[in-house]
Amino acid sequence: MQNKVVIKEIFESIQGEGPYIGVNQLFIRFSKCNLACNYCDTDFSSNLKEYSLDELINEVNNHKNIHSISLTGGEPLTESKFLNEFLKKVNKKIYLETNGTLYKNLEEIIDYVDIISMDIKLPSSSGLDYFESHKKFIDISVKNKKEIFLKVVFNEKITEEEIISTINLAKENNLLIILQPQTENNKIITSSEMLYNIFSKYINLYKNIRLIPQVHKFMELR
């Protein structure tokens with residue numbers, strides 16, 4: 001049993017990405033990650049706070065009118081042992097934001113998770129390639145009948161091969177793919193014309209697609 005965890009921040013805000021845009025969530029941002037994506041926009045080197053299990057439960061219980069708790073990061077599943085104990089004692093809907101690589105850790109907490117937002121890591125934008133791990137992660141989620149959608153952070157460097165590979169991950173279970181344009185300094189770095197061109201390539205091959213930017217950044221919310 002892991003008794004303590006290091007958290008970057010805890011705050012209420014609206015969900016600004018994917019199909020749950022606009023719902024009120026309590027965000028718990030974990031400080032560790034097993035990856036190092038090129039586009040990561042969070043500083044995990046400062047303003048960290050350690051919480052015991054009881055302290056984090058008490059903090060969560062102070063927030064009443066929320067749709068769900070978003071476990072985000074970093075990568076929440078690096079703290080799967082702590083989460084296994086924590087989530088047993090939390091009576092709220094759980095929304096897991098994950099890089100979709102730690103499938104063995106997912107198995108430890110899958111019973112307590114309601115919604116999974118899984119990133120697909122493209123070599124062209126993140127510098128990483130985890131398609132095999134993504135496939136295993138999806139299989140575990142579907143087997144356990146969890147709601148899961150896939151999020152693809154992309155820029156104009158996305159390749160035809162990557163488009164086909166992401167569609168193949170989703171197609172077997174008709175999973176929703178969220179195309180999320182990469183941003184820098186709260187601005188989308190890909191032109192409008194190129195965004196629609198990439199969207200068209202996807203939609204011509206697979207219909208369960210949505211193009212949605214990070215809406216919270218336009219509203220200057222966390």
# chains A, B, ... in the order shown; residues from 1 in each chain; ligands from 1
call {"tool": "residues_around", "arguments": {"residues": "Asn105 in chain A", "least_positions_apart": "2", "cutoff": "6 Å", "atoms": "only C-alpha atoms", "output": "ChimeraX atom specification"}}
result
/A:77,80,102-103,107-108
call {"tool": "select_by_dssp", "arguments": {"residues": "range 111-214 of chain A", "states": "strand (DSSP E or B)", "output": "list in words"}}
result
Ile115, Ile116, Ser117, Met118, Asp119, Ile120, Glu147, Ile148, Phe149, Leu150, Lys151, Val152, Val153, Phe154, Ile177, Ile178, Leu179, Gln180, Pro181, Thr183, Glu184, Lys187, Ile188, Ile209, Arg210 and Leu211 of chain A
call {"tool": "residues_around", "arguments": {"residues": "Phe199 in chain A", "least_positions_apart": "2", "cutoff": "9 Å", "atoms": "only C-alpha atoms", "output": "list of chain:residue names"}}
result
A:Leu179, A:Met194, A:Leu195, A:Tyr196, A:Asn197, A:Lys201, A:Tyr202, A:Ile203, A:Asn204, A:Ile209, A:Arg210, A:Leu211
call {"tool": "closest_residue", "arguments": {"among": "A:Ile14, A:Leu128, A:Ile109, A:Val153", "to": "Ser141 in chain A", "atoms": "only C-alpha atoms"}}
result
A:Ile109
call {"tool": "closest_residue", "arguments": {"among": "A:Ser124, A:Ser45, A:Thr159, A:Thr190", "to": "Ser31 in chain A", "atoms": "only C-alpha atoms"}}
result
A:Ser45
call {"tool": "closest_residue", "arguments": {"among": "A:Ser117, A:Ile198, A:Glu220, A:Ser192", "to": "Glu17 in chain A", "atoms": "only C-alpha atoms"}}
result
A:Ser117
call {"tool": "closest_atom_pairs", "arguments": {"of": "range 169-194 of chain A", "to": "range 213-217 of chain A", "cutoff": "6 Å", "atoms": "only C-alpha atoms", "output": "tab-separated table"}}
result
residue	atom	partner	partner_atom	distance
A:Gln180	CA	A:Pro213	CA	5.0
A:Pro181	CA	A:Pro213	CA	5.7
A:Asn186	CA	A:Lys217	CA	5.7
call {"tool": "write_last_selection", "arguments": {"atoms": "C-alpha atoms", "output": "PDB file, in the first residue's frame"}}
result
ATOM      1  CA  GLN A 180      -6.838  17.828 -31.156  1.00  0.00           C
ATOM      2  CA  PRO A 181      -4.617  20.410 -32.891  1.00  0.00           C
ATOM      3  CA  ASN A 186      -2.549  29.058 -26.453  1.00  0.00           C
TER       4      ASN A 186
END
call {"tool": "select_by_dssp", "arguments": {"residues": "range 17-217 of chain A", "states": "helix (DSSP H, G or I)", "output": "JSON, numbers by chain"}}
result
{"A": [18, 19, 20, 53, 54, 55, 56, 57, 58, 59, 60, 61, 76, 77, 78, 79, 80, 81, 82, 83, 84, 85, 86, 87, 88, 103, 104, 105, 106, 107, 108, 109, 110, 111, 112, 123, 124, 125, 126, 131, 132, 133, 134, 135, 136, 137, 138, 139, 140, 141, 142, 143, 160, 161, 162, 163, 164, 165, 166, 167, 168, 169, 170, 171, 192, 193, 194, 195, 196, 197, 198, 199, 200, 201, 202, 203, 215, 216, 217]}
call {"tool": "closest_residue", "arguments": {"among": "A:Tyr20, A:Val152, A:Ser46, A:Ile7", "to": "Lys32 in chain A", "atoms": "only C-alpha atoms"}}
result
A:Ile7
call {"tool": "atom_distance", "arguments": {"atom1": "CA of Phe27 in chain A", "atom2": "CA of Glu184 in chain A"}}
result
21.7 Å
call {"tool": "closest_residue", "arguments": {"among": "A:Ile189, A:Leu175, A:Ser70, A:Tyr112", "to": "Gly16 in chain A", "atoms": "only C-alpha atoms"}}
result
A:Ser70
call {"tool": "closest_residue", "arguments": {"among": "A:Glu50, A:Asp43, A:Glu59, A:Glu132", "to": "Val6 in chain A", "atoms": "only C-alpha atoms"}}
result
A:Glu50
call {"tool": "decode", "arguments": {"residues": "range 67-132 of chain A", "atoms": "C-alpha atoms", "output": "short mmCIF file (atom, residue, chain, number, x, y, z; two decimals), in the first residue's frame"}}
result
data_model
loop_
_atom_site.label_atom_id
_atom_site.label_comp_id
_atom_site.auth_asym_id
_atom_site.auth_seq_id
_atom_site.Cartn_x
_atom_site.Cartn_y
_atom_site.Cartn_z
CA HIS A 67 -19.68 16.13 -12.77
CA SER A 68 -16.61 13.98 -12.12
CA ILE A 69 -13.03 13.84 -10.91
CA SER A 70 -10.44 14.13 -13.65
CA LEU A 71 -7.25 12.23 -12.89
CA THR A 72 -4.69 13.96 -15.08
CA GLY A 73 -1.02 14.73 -15.17
CA GLY A 74 1.63 13.88 -15.93
CA GLU A 75 0.43 10.31 -16.00
CA PRO A 76 -1.96 9.28 -13.17
CA LEU A 77 -1.31 5.59 -13.71
CA THR A 78 2.25 5.97 -12.43
CA GLU A 79 0.47 6.17 -9.05
CA SER A 80 -1.77 3.14 -9.57
CA LYS A 81 -1.03 1.62 -6.17
CA PHE A 82 -2.09 4.80 -4.39
CA LEU A 83 -5.10 5.16 -6.69
CA ASN A 84 -6.20 1.63 -5.92
CA GLU A 85 -6.66 2.62 -2.29
CA PHE A 86 -7.91 6.15 -2.97
CA LEU A 87 -10.59 5.32 -5.53
CA LYS A 88 -12.13 2.65 -3.30
CA LYS A 89 -13.09 5.43 -0.90
CA VAL A 90 -14.31 8.05 -3.38
CA ASN A 91 -17.97 8.02 -4.31
CA LYS A 92 -17.72 10.15 -7.46
CA LYS A 93 -17.52 9.51 -11.19
CA ILE A 94 -13.90 9.03 -12.28
CA TYR A 95 -12.55 10.43 -15.55
CA LEU A 96 -9.04 9.15 -16.37
CA GLU A 97 -6.83 11.20 -18.68
CA THR A 98 -3.95 8.96 -19.71
CA ASN A 99 -1.21 8.46 -22.25
CA GLY A 100 -2.47 4.92 -22.78
CA THR A 101 0.83 3.10 -22.28
CA LEU A 102 0.68 1.67 -18.73
CA TYR A 103 -1.87 -1.04 -19.43
CA LYS A 104 -0.71 -3.25 -16.54
CA ASN A 105 -1.24 -0.36 -14.12
CA LEU A 106 -4.68 0.23 -15.62
CA GLU A 107 -5.69 -3.30 -14.62
CA GLU A 108 -5.07 -2.37 -10.97
CA ILE A 109 -7.75 0.35 -10.95
CA ILE A 110 -10.02 -0.45 -13.91
CA ASP A 111 -12.96 -1.34 -11.64
CA TYR A 112 -13.05 2.21 -10.25
CA VAL A 113 -12.80 4.16 -13.53
CA ASP A 114 -15.87 5.34 -15.48
CA ILE A 115 -14.54 7.29 -18.47
CA ILE A 116 -11.15 6.97 -20.17
CA SER A 117 -9.62 9.69 -22.36
CA MET A 118 -6.65 7.96 -23.97
CA ASP A 119 -3.97 9.82 -25.88
CA ILE A 120 -2.47 8.26 -28.96
CA LYS A 121 1.18 9.25 -29.13
CA LEU A 122 2.19 10.13 -32.68
CA PRO A 123 5.91 10.05 -33.51
CA SER A 124 5.42 13.18 -35.65
CA SER A 125 4.13 15.38 -32.78
CA SER A 126 5.19 13.74 -29.52
CA GLY A 127 8.41 12.09 -30.66
CA LEU A 128 7.02 8.81 -29.29
CA ASP A 129 5.53 5.62 -30.74
CA TYR A 130 3.47 3.39 -28.45
CA PHE A 131 0.94 1.82 -30.79
CA GLU A 132 1.43 -1.71 -29.42
#
